[in-house]
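Student: Pasting protein-v2.tsv here (TSV, C-alpha atoms and all ligand atoms):
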chain	number	residue	atom	x	y	z
A	118	MET	CA	4.35	-23.99	-4.51
A	119	LYS	CA	5.41	-20.48	-3.47
A	120	ILE	CA	3.36	-18.96	-0.70
A	121	ILE	CA	3.47	-15.63	1.13
A	122	MET	CA	1.88	-15.18	4.55
A	123	LEU	CA	0.46	-11.69	5.09
A	124	GLY	CA	-0.99	-10.27	8.29
A	125	ALA	CA	-0.22	-8.07	11.27
A	126	PRO	CA	2.57	-8.98	13.68
A	127	GLY	CA	1.11	-11.65	15.95
A	128	ALA	CA	-1.69	-12.64	13.54
A	129	GLY	CA	-0.41	-16.22	13.47
A	130	LYS	CA	1.65	-16.16	10.26
A	131	GLY	CA	4.52	-18.13	11.77
A	132	THR	CA	2.18	-20.66	13.41
A	133	GLN	CA	0.42	-21.36	10.11
A	134	ALA	CA	3.62	-21.20	8.03
A	135	LYS	CA	5.21	-23.95	10.13
A	136	MET	CA	2.14	-26.16	9.66
A	137	ILE	CA	2.11	-25.49	5.90
A	138	ALA	CA	5.83	-26.27	5.67
A	139	GLU	CA	5.32	-29.59	7.39
A	140	LYS	CA	2.24	-30.65	5.44
A	141	TYR	CA	3.48	-29.65	2.00
A	142	GLY	CA	7.16	-30.45	2.52
A	143	ILE	CA	8.50	-26.99	1.69
A	144	PRO	CA	10.82	-24.80	3.81
A	145	HIS	CA	9.46	-22.15	6.17
A	146	VAL	CA	11.43	-18.98	5.53
A	147	SER	CA	11.07	-16.28	8.19
A	148	THR	CA	13.15	-13.11	7.85
A	149	GLY	CA	12.44	-12.40	11.54
A	150	ASP	CA	13.91	-15.80	12.51
A	151	ILE	CA	16.97	-15.15	10.32
A	152	PHE	CA	17.52	-11.78	12.00
A	153	ARG	CA	17.02	-13.25	15.50
A	154	ALA	CA	19.51	-16.05	14.79
A	155	ASN	CA	22.03	-13.41	13.69
A	156	ILE	CA	21.40	-11.34	16.83
A	157	LYS	CA	21.92	-14.42	18.98
A	158	ASN	CA	25.18	-15.23	17.21
A	159	GLY	CA	26.37	-11.60	17.46
A	160	THR	CA	26.94	-11.15	13.71
A	161	LYS	CA	27.32	-7.74	12.04
A	162	LEU	CA	23.93	-8.24	10.36
A	163	GLY	CA	22.38	-9.08	13.73
A	164	LEU	CA	23.79	-5.95	15.38
A	165	GLU	CA	22.46	-3.79	12.59
A	166	ALA	CA	19.00	-5.43	12.48
A	167	LYS	CA	18.58	-5.25	16.28
A	168	GLN	CA	18.70	-1.44	16.29
A	169	TYR	CA	15.51	-1.40	14.22
A	170	MET	CA	13.77	-4.46	15.64
A	171	ASP	CA	13.96	-3.32	19.26
A	172	LYS	CA	12.14	-0.11	18.32
A	173	GLY	CA	9.44	-1.96	16.37
A	174	LEU	CA	10.74	-0.52	13.08
A	175	LEU	CA	11.41	-2.40	9.87
A	176	VAL	CA	14.95	-3.35	8.97
A	177	PRO	CA	15.91	-1.40	5.79
A	178	ASP	CA	14.75	-2.97	2.53
A	179	GLU	CA	18.23	-3.23	1.04
A	180	LEU	CA	19.51	-5.41	3.85
A	181	THR	CA	16.34	-7.51	4.14
A	182	VAL	CA	15.99	-8.19	0.42
A	183	ARG	CA	19.59	-9.39	0.16
A	184	ILE	CA	19.09	-11.84	3.04
A	185	LEU	CA	15.83	-13.17	1.61
A	186	LEU	CA	17.07	-13.60	-1.96
A	187	ASP	CA	20.16	-15.46	-0.70
A	188	ARG	CA	17.93	-17.75	1.34
A	189	VAL	CA	15.47	-18.62	-1.44
A	190	ALA	CA	18.35	-19.27	-3.84
A	191	GLN	CA	19.37	-22.25	-1.70
A	192	ASP	CA	18.77	-25.75	-2.95
A	193	ASP	CA	15.98	-26.68	-0.53
A	194	CYS	CA	13.83	-23.85	-1.93
A	195	LYS	CA	13.80	-25.08	-5.50
A	196	ASN	CA	10.36	-26.73	-5.18
A	197	GLY	CA	8.85	-23.78	-3.37
A	198	TYR	CA	8.67	-22.22	0.08
A	199	VAL	CA	6.41	-20.41	2.49
A	200	LEU	CA	7.55	-16.87	3.28
A	201	ASP	CA	6.66	-15.55	6.73
A	202	GLY	CA	7.30	-11.85	7.39
A	203	PHE	CA	8.52	-11.08	3.89
A	204	PRO	CA	7.66	-8.96	1.95
A	205	ARG	CA	6.71	-6.23	4.40
A	206	THR	CA	6.90	-3.25	2.03
A	207	ILE	CA	5.88	-2.62	-1.58
A	208	PRO	CA	9.55	-2.21	-2.69
A	209	GLN	CA	10.35	-5.64	-1.15
A	210	ALA	CA	7.42	-7.19	-3.03
A	211	GLU	CA	8.54	-5.56	-6.27
A	212	VAL	CA	12.10	-6.86	-5.96
A	213	LEU	CA	10.83	-10.37	-5.20
A	214	GLU	CA	8.44	-10.24	-8.15
A	215	ALA	CA	11.19	-9.04	-10.52
A	216	GLU	CA	13.63	-11.69	-9.31
A	217	LEU	CA	11.03	-14.45	-9.75
A	218	ALA	CA	10.00	-13.13	-13.18
A	219	ARG	CA	13.65	-13.25	-14.29
A	220	ARG	CA	13.43	-17.01	-13.70
A	221	GLY	CA	9.95	-17.40	-15.21
A	222	GLU	CA	8.41	-17.96	-11.77
A	223	LYS	CA	5.75	-16.29	-9.65
A	224	ILE	CA	4.06	-16.35	-6.24
A	225	ASP	CA	1.14	-18.82	-6.24
A	226	TYR	CA	-0.71	-17.68	-3.11
A	227	ALA	CA	-0.58	-14.70	-0.75
A	228	ILE	CA	-2.59	-15.71	2.33
A	229	ASP	CA	-3.74	-12.84	4.53
A	230	VAL	CA	-4.35	-13.93	8.13
A	231	GLU	CA	-6.86	-11.33	9.35
A	232	VAL	CA	-6.91	-10.43	13.05
A	233	PRO	CA	-8.14	-7.10	14.52
A	234	ASP	CA	-5.63	-4.94	16.42
A	235	GLU	CA	-7.32	-5.53	19.84
A	236	ASN	CA	-6.70	-9.28	19.62
A	237	ILE	CA	-3.12	-8.72	18.49
A	238	VAL	CA	-2.12	-6.76	21.57
A	239	ARG	CA	-3.38	-9.60	23.80
A	240	ARG	CA	-1.67	-12.30	21.75
A	241	MET	CA	1.74	-10.67	21.66
A	242	GLY	CA	1.87	-10.20	25.44
A	243	GLY	CA	1.32	-13.96	25.83
A	244	ARG	CA	3.75	-15.10	23.12
A	245	ARG	CA	6.88	-16.84	24.35
A	246	ALA	CA	9.69	-17.63	21.94
A	247	CYS	CA	12.60	-20.00	21.90
A	248	LEU	CA	15.53	-18.06	20.46
A	249	SER	CA	17.41	-21.31	20.03
A	250	CYS	CA	15.12	-23.26	17.65
A	251	GLY	CA	12.47	-20.67	16.69
A	252	ALA	CA	9.51	-22.49	18.29
A	253	THR	CA	6.73	-20.22	19.59
A	254	TYR	CA	4.21	-20.71	22.35
A	255	HIS	CA	1.41	-18.78	23.97
A	256	ILE	CA	0.98	-18.80	27.72
A	257	GLU	CA	-2.79	-19.46	27.37
A	258	HIS	CA	-3.39	-20.89	23.88
A	259	VAL	CA	-0.24	-22.97	23.28
A	260	PRO	CA	1.55	-23.45	26.61
A	261	PRO	CA	4.79	-25.47	26.69
A	262	LYS	CA	4.68	-28.74	28.66
A	263	LYS	CA	6.97	-27.27	31.30
A	264	GLU	CA	6.52	-23.57	32.07
A	265	GLY	CA	9.24	-21.40	30.53
A	266	ILE	CA	11.01	-24.29	28.77
A	267	CYS	CA	10.96	-25.13	25.05
A	268	ASP	CA	9.34	-28.54	24.34
A	269	VAL	CA	11.54	-29.00	21.27
A	270	CYS	CA	15.03	-28.18	22.51
A	271	GLY	CA	14.81	-27.61	26.28
A	272	GLN	CA	16.09	-24.01	26.19
A	273	ALA	CA	14.54	-21.19	28.23
A	274	LEU	CA	11.62	-19.34	26.61
A	275	VAL	CA	11.60	-15.54	26.48
A	276	LEU	CA	9.20	-12.66	25.89
A	277	ARG	CA	10.74	-11.14	22.75
A	278	ASP	CA	12.02	-7.58	23.32
A	279	ASP	CA	9.79	-6.41	20.50
A	280	ASP	CA	6.69	-8.09	22.01
A	281	LYS	CA	6.74	-5.73	25.00
A	282	PRO	CA	3.50	-3.66	25.00
A	283	GLU	CA	5.24	-0.34	24.31
A	284	THR	CA	6.76	-1.76	21.11
A	285	VAL	CA	3.71	-3.69	19.93
A	286	GLN	CA	1.72	-0.52	19.21
A	287	ASN	CA	4.62	0.82	17.12
A	288	ARG	CA	4.78	-2.42	15.18
A	289	LEU	CA	1.04	-2.23	14.49
A	290	ASN	CA	1.39	1.36	13.23
A	291	VAL	CA	4.27	0.30	10.98
A	292	TYR	CA	2.16	-2.64	9.75
A	293	HIS	CA	-0.78	-0.41	8.79
A	294	GLU	CA	1.43	2.14	7.05
A	295	GLN	CA	3.94	-0.03	5.24
A	296	THR	CA	2.72	-3.64	5.04
A	297	GLN	CA	-1.06	-3.51	4.67
A	298	PRO	CA	-0.78	-2.02	1.12
A	299	LEU	CA	0.56	-5.45	0.08
A	300	ILE	CA	-2.98	-6.82	0.35
A	301	ALA	CA	-4.03	-4.69	-2.65
A	302	PHE	CA	-0.74	-5.48	-4.41
A	303	TYR	CA	-1.40	-9.23	-4.35
A	304	GLN	CA	-5.12	-8.81	-4.98
A	305	GLU	CA	-4.25	-7.04	-8.23
A	306	ARG	CA	-2.14	-10.05	-9.18
A	307	GLY	CA	-5.05	-12.42	-8.52
A	308	VAL	CA	-3.27	-14.49	-5.83
A	309	LEU	CA	-4.73	-13.01	-2.64
A	310	LYS	CA	-6.63	-15.34	-0.29
A	311	THR	CA	-8.00	-14.30	3.09
A	312	VAL	CA	-8.52	-16.39	6.22
A	313	ASP	CA	-10.10	-15.44	9.55
A	314	GLY	CA	-7.17	-15.58	11.97
A	315	THR	CA	-9.32	-15.12	15.09
A	316	GLN	CA	-10.39	-18.78	15.00
A	317	ASP	CA	-8.56	-21.63	16.76
A	318	MET	CA	-5.29	-22.48	15.04
A	319	ALA	CA	-6.66	-25.80	13.77
A	320	ASP	CA	-9.62	-24.02	12.16
A	321	VAL	CA	-7.35	-21.40	10.61
A	322	PHE	CA	-5.24	-24.25	9.22
A	323	ALA	CA	-8.35	-25.98	7.83
A	324	ALA	CA	-9.15	-22.75	5.96
A	325	VAL	CA	-5.55	-22.60	4.68
A	326	THR	CA	-5.57	-26.19	3.42
A	327	ALA	CA	-8.94	-25.60	1.74
A	328	ILE	CA	-7.13	-22.92	-0.29
A	329	LEU	CA	-3.92	-24.84	-0.99
A	330	GLY	CA	-5.52	-28.22	-1.59
A	331	THR	CA	-4.65	-31.53	0.05
B	401	LIG	P1	3.20	-13.95	13.67
B	401	LIG	O1	4.15	-14.93	13.05
B	401	LIG	O2	2.12	-13.50	12.72
B	401	LIG	O3	3.89	-12.79	14.33
B	401	LIG	P2	2.70	-16.09	15.63
B	401	LIG	O4	2.40	-17.27	14.73
B	401	LIG	O5	4.01	-16.08	16.31
B	401	LIG	O6	2.41	-14.71	14.83
B	401	LIG	O7	1.50	-16.03	16.70
B	401	LIG	C1	1.48	-14.99	17.69
B	401	LIG	C2	1.05	-15.58	19.04
B	401	LIG	O8	-0.31	-15.99	18.97
B	401	LIG	C3	1.85	-16.84	19.42
B	401	LIG	O9	2.04	-16.83	20.82
B	401	LIG	C4	0.96	-17.99	18.97
B	401	LIG	O10	1.19	-19.15	19.76
B	401	LIG	C5	-0.44	-17.41	19.17
B	401	LIG	N1	-1.39	-17.84	18.15
B	401	LIG	C6	-1.16	-18.11	16.83
B	401	LIG	N2	-2.29	-18.47	16.18
B	401	LIG	C7	-3.30	-18.41	17.11
B	401	LIG	C8	-4.72	-18.66	17.10
B	401	LIG	N3	-5.34	-19.01	15.96
B	401	LIG	N4	-5.40	-18.48	18.25
B	401	LIG	C9	-4.77	-18.10	19.38
B	401	LIG	N5	-3.45	-17.87	19.49
B	401	LIG	C10	-2.72	-18.01	18.38
B	402	LIG	P1	8.76	-11.13	12.83
B	402	LIG	O1	9.49	-12.24	13.48
B	402	LIG	O2	8.32	-11.48	11.41
B	402	LIG	O3	7.64	-10.56	13.66
B	402	LIG	O4	9.83	-9.94	12.62
B	402	LIG	C1	10.43	-9.30	13.74
B	402	LIG	C2	11.10	-7.99	13.29
B	402	LIG	O5	12.14	-8.27	12.33
B	402	LIG	C3	10.18	-6.99	12.59
B	402	LIG	O6	9.45	-6.19	13.51
B	402	LIG	C4	11.21	-6.17	11.80
B	402	LIG	O7	11.93	-5.26	12.63
B	402	LIG	C5	12.20	-7.24	11.35
B	402	LIG	N1	11.80	-7.82	10.06
B	402	LIG	C6	11.42	-9.10	9.79
B	402	LIG	N2	11.10	-9.26	8.50
B	402	LIG	C7	11.29	-8.04	7.92
B	402	LIG	C8	11.09	-7.53	6.59
B	402	LIG	N3	10.64	-8.30	5.59
B	402	LIG	N4	11.39	-6.22	6.36
B	402	LIG	C9	11.83	-5.42	7.34
B	402	LIG	N5	12.01	-5.82	8.60
B	402	LIG	C10	11.73	-7.12	8.90
If you convert what's in this file into structure tokens, what do you get?

Tutor:
Amino acid sequence: MKIIMLGAPGAGKGTQAKMIAEKYGIPHVSTGDIFRANIKNGTKLGLEAKQYMDKGLLVPDELTVRILLDRVAQDDCKNGYVLDGFPRTIPQAEVLEAELARRGEKIDYAIDVEVPDENIVRRMGGRRACLSCGATYHIEHVPPKKEGICDVCGQALVLRDDDKPETVQNRLNVYHEQTQPLIAFYQERGVLKTVDGTQDMADVFAAVTAILGT
């Protein structure tokens, strides 16, 4: 099963993608997590991606597509995957579609997690991330057991640089301009499904599993 999560930054794509990955036994592939791991490790890719990410801009398609295609070519992706944060532009979606078609494959579901902009701004300010293992928390909705410390790996949690309020509005503008057109793209292909992302995470997940089946 090949699934794409669509939705604004902070809509809950990563939260749902992790739950899908666990339930259906497929890898969760997040281009944002791949970039952040590279930034943390000080790689050339990380240095390049950071210049864009810190401003709330998208990393150029050429770089992002290469990273994603390398990742989904790995062995653990052969029975499917859930993509979180990719594609984010029409050209990215076209390259993915062409690459899949070359292998006689296609995306099965594109799930749009709908959340209005006002809710997003509140959510992002409360998000705390572990840059070590990729776990995410929310200071009100999903607090860690011990304040500021990751439940999974014990590392310190941070407010991502790009979750600071001045960057969030930029990211939302970029989302509306460059990513939202993907909703029509996948609707035309008959694979678009929409869930109300303003509900509790468990209710959002119930809507997701109703789509994907048990
Ligand atoms: P995205 O991957 O779309 O950027 P995340 O999954 O990281 O979004 O979620 C953004 C923030 O909102 C996180 O702090 C997360 O814990 C919280 N969150 C996710 N889903 C919900 C929900 N349904 N209700 C309330 N908070 C949520
Ligand atoms: P995310 O963790 O998905 O919110 O992504 C964080 C940041 O990484 C984004 O704001 C972009 O700067 C960059 N990024 C992640 N995925 C992509 C993508 N598919 N295309 C371009 N930039 C991306």

Student: Set out as a tab-separated table a contact list for chain A and ligand LIG 401 (chain B) with a cut-off of 9 Å, giving each residue of chain A that qualifies its closest atom pair and distance in Å to one decimal, counting only C-alpha atoms and all ligand atoms, ordered by chain and rising residue number.

Tutor:
residue	atom	partner	partner_atom	distance
A:Met122	CA	B:LIG401	O2	8.3
A:Leu123	CA	B:LIG401	O2	8.0
A:Gly124	CA	B:LIG401	O2	6.3
A:Ala125	CA	B:LIG401	O2	6.1
A:Pro126	CA	B:LIG401	O3	4.1
A:Gly127	CA	B:LIG401	O3	3.4
A:Ala128	CA	B:LIG401	O2	4.0
A:Gly129	CA	B:LIG401	O4	3.3
A:Lys130	CA	B:LIG401	O2	3.7
A:Gly131	CA	B:LIG401	O1	3.5
A:Thr132	CA	B:LIG401	O4	3.6
A:Gln133	CA	B:LIG401	O4	6.5
A:Ala134	CA	B:LIG401	O4	7.9
A:Lys135	CA	B:LIG401	O4	8.6
A:Ser147	CA	B:LIG401	O1	8.6
A:Gly149	CA	B:LIG401	O1	8.8
A:Asp201	CA	B:LIG401	O1	6.8
A:Gly202	CA	B:LIG401	O1	7.2
A:Val230	CA	B:LIG401	O2	7.9
A:Ile237	CA	B:LIG401	O8	7.8
A:Arg239	CA	B:LIG401	O8	8.6
A:Arg240	CA	B:LIG401	O8	4.8
A:Met241	CA	B:LIG401	C2	5.6
A:Gly242	CA	B:LIG401	O9	8.1
A:Gly243	CA	B:LIG401	O9	5.8
A:Arg244	CA	B:LIG401	O9	3.3
A:Arg245	CA	B:LIG401	O9	6.0
A:Ala246	CA	B:LIG401	O9	7.8
A:Ala252	CA	B:LIG401	O5	8.7
A:Thr253	CA	B:LIG401	O10	5.6
A:Tyr254	CA	B:LIG401	O10	4.3
A:His255	CA	B:LIG401	O9	3.8
A:Ile256	CA	B:LIG401	O9	7.3
A:Glu257	CA	B:LIG401	N5	8.1
A:His258	CA	B:LIG401	N5	5.3
A:Val259	CA	B:LIG401	O10	5.4
A:Pro260	CA	B:LIG401	O10	8.1
A:Asp313	CA	B:LIG401	N3	8.7
A:Gly314	CA	B:LIG401	N3	5.6
A:Thr315	CA	B:LIG401	N3	5.6
A:Gln316	CA	B:LIG401	N3	5.1
A:Asp317	CA	B:LIG401	N3	4.2
A:Met318	CA	B:LIG401	N3	3.6
A:Ala319	CA	B:LIG401	N3	7.3
A:Asp320	CA	B:LIG401	N3	7.6
A:Val321	CA	B:LIG401	N3	6.2
A:Phe322	CA	B:LIG401	N3	8.5

Student: When distances are computed from all atoms listed in the file, which of A:Tyr141, A:Tyr226, A:Tyr169, A:Tyr292 shows the smallest separation from A:Gln304?

Tutor: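 Residue with the minimum atom-to-atom distance to A:Gln304: A:Tyr226.
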
Student: Taking only C-alpha atoms and all ligand atoms and a cut-off of 9 Å, can you tell me which residues surround ligand LIG 402 (chain B), written as number ranges by chain?

Tutor: A: 125-127, 130-131, 147-153, 166-178, 180-182, 185, 201-206, 209, 279-280, 285, 288, 291-292

Student: When you look at A:Pro144 with a cut-off of 12 Å (counting only C-alpha atoms), what residues show up, excluding the ones that are within fewer than 3 positions of it in the same chain? I need them as number ranges by chain.

Tutor: A: 118-120, 134-141, 147, 188-189, 191-201

Student: Please, could you write that set of residues out with C-alpha atoms as a PDB file, in the coordinates of the input?

Tutor:
ATOM      1  CA  MET A 118       4.350 -23.990  -4.510  1.00  0.00           C
ATOM      2  CA  LYS A 119       5.410 -20.480  -3.470  1.00  0.00           C
ATOM      3  CA  ILE A 120       3.360 -18.960  -0.700  1.00  0.00           C
ATOM      4  CA  ALA A 134       3.620 -21.200   8.030  1.00  0.00           C
ATOM      5  CA  LYS A 135       5.210 -23.950  10.130  1.00  0.00           C
ATOM      6  CA  MET A 136       2.140 -26.160   9.660  1.00  0.00           C
ATOM      7  CA  ILE A 137       2.110 -25.490   5.900  1.00  0.00           C
ATOM      8  CA  ALA A 138       5.830 -26.270   5.670  1.00  0.00           C
ATOM      9  CA  GLU A 139       5.320 -29.590   7.390  1.00  0.00           C
ATOM     10  CA  LYS A 140       2.240 -30.650   5.440  1.00  0.00           C
ATOM     11  CA  TYR A 141       3.480 -29.650   2.000  1.00  0.00           C
ATOM     12  CA  SER A 147      11.070 -16.280   8.190  1.00  0.00           C
ATOM     13  CA  ARG A 188      17.930 -17.750   1.340  1.00  0.00           C
ATOM     14  CA  VAL A 189      15.470 -18.620  -1.440  1.00  0.00           C
ATOM     15  CA  GLN A 191      19.370 -22.250  -1.700  1.00  0.00           C
ATOM     16  CA  ASP A 192      18.770 -25.750  -2.950  1.00  0.00           C
ATOM     17  CA  ASP A 193      15.980 -26.680  -0.530  1.00  0.00           C
ATOM     18  CA  CYS A 194      13.830 -23.850  -1.930  1.00  0.00           C
ATOM     19  CA  LYS A 195      13.800 -25.080  -5.500  1.00  0.00           C
ATOM     20  CA  ASN A 196      10.360 -26.730  -5.180  1.00  0.00           C
ATOM     21  CA  GLY A 197       8.850 -23.780  -3.370  1.00  0.00           C
ATOM     22  CA  TYR A 198       8.670 -22.220   0.080  1.00  0.00           C
ATOM     23  CA  VAL A 199       6.410 -20.410   2.490  1.00  0.00           C
ATOM     24  CA  LEU A 200       7.550 -16.870   3.280  1.00  0.00           C
ATOM     25  CA  ASP A 201       6.660 -15.550   6.730  1.00  0.00           C
TER      26      ASP A 201
END

Student: Quick one: of A:Val308, A:Ala327, A:Val146, A:Ala190, who's nearest to A:Leu217, counting all atoms listed in the file?

Tutor: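 Result for the nearest residue to A:Leu217: A:Ala190.
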
Student: Using all atoms listed in the file, can you tell me which of A:Val312, A:Cys247, A:Gly221, A:Glu231 comes closest to A:Leu274?

Tutor: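 The closest residue to A:Leu274 is A:Cys247.
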
Student: Can you tell me how far atom CA of A:Gly251 sits from atom CA of A:Ala154, in Å to one decimal?

Tutor: 8.6 Å

Student: Atom CA of A:Gln297 and atom CA of A:Ile228, how far apart in Å?

Tutor: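 Calculated distance between atom CA of A:Ile228 and atom CA of A:Gln297 is 12.5 Å.
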
Student: Could you check which of A:Arg183, A:Thr311, A:Ile266, A:Asp229 is closest to A:Glu216, using only C-alpha atoms?

Tutor: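 So, comparing all the options, the nearest one is A:Arg183.
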
Student: With all atoms listed in the file as the atoms that count, which of A:Leu248, A:Gln286, A:Glu211, A:Gly163 lies nearest to A:Lys223?

Tutor: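 Using all atoms listed in the file, A:Lys223 sits closest to A:Glu211.
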
Student: Mind pulling up the distance from atom CA of A:Ala301 to atom CA of A:Ala324?

Tutor: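 If I compute the distance from atom CA of A:Ala324 to atom CA of A:Ala301, I get 20.7 Å.
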
Student: Edge lengths and centre in Å to one decimal, as lines of an AutoDock Vina configuration file, is what I'm after for the box along x, y and z that holds all listed atoms of stretch 206-221 of chain A once 3 Å is added on each side.

Tutor:
center_x = 9.8
center_y = -9.8
center_z = -6.6
size_x = 13.8
size_y = 21.2
size_z = 23.2

Student: Would you please work out which residue, of A:Cys270, A:Val325, A:Leu276, A:Val238, is nearest to A:Leu289 when using all atoms listed in the file?

Tutor: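 The shortest atom-to-atom distance to A:Leu289 comes from A:Val238.
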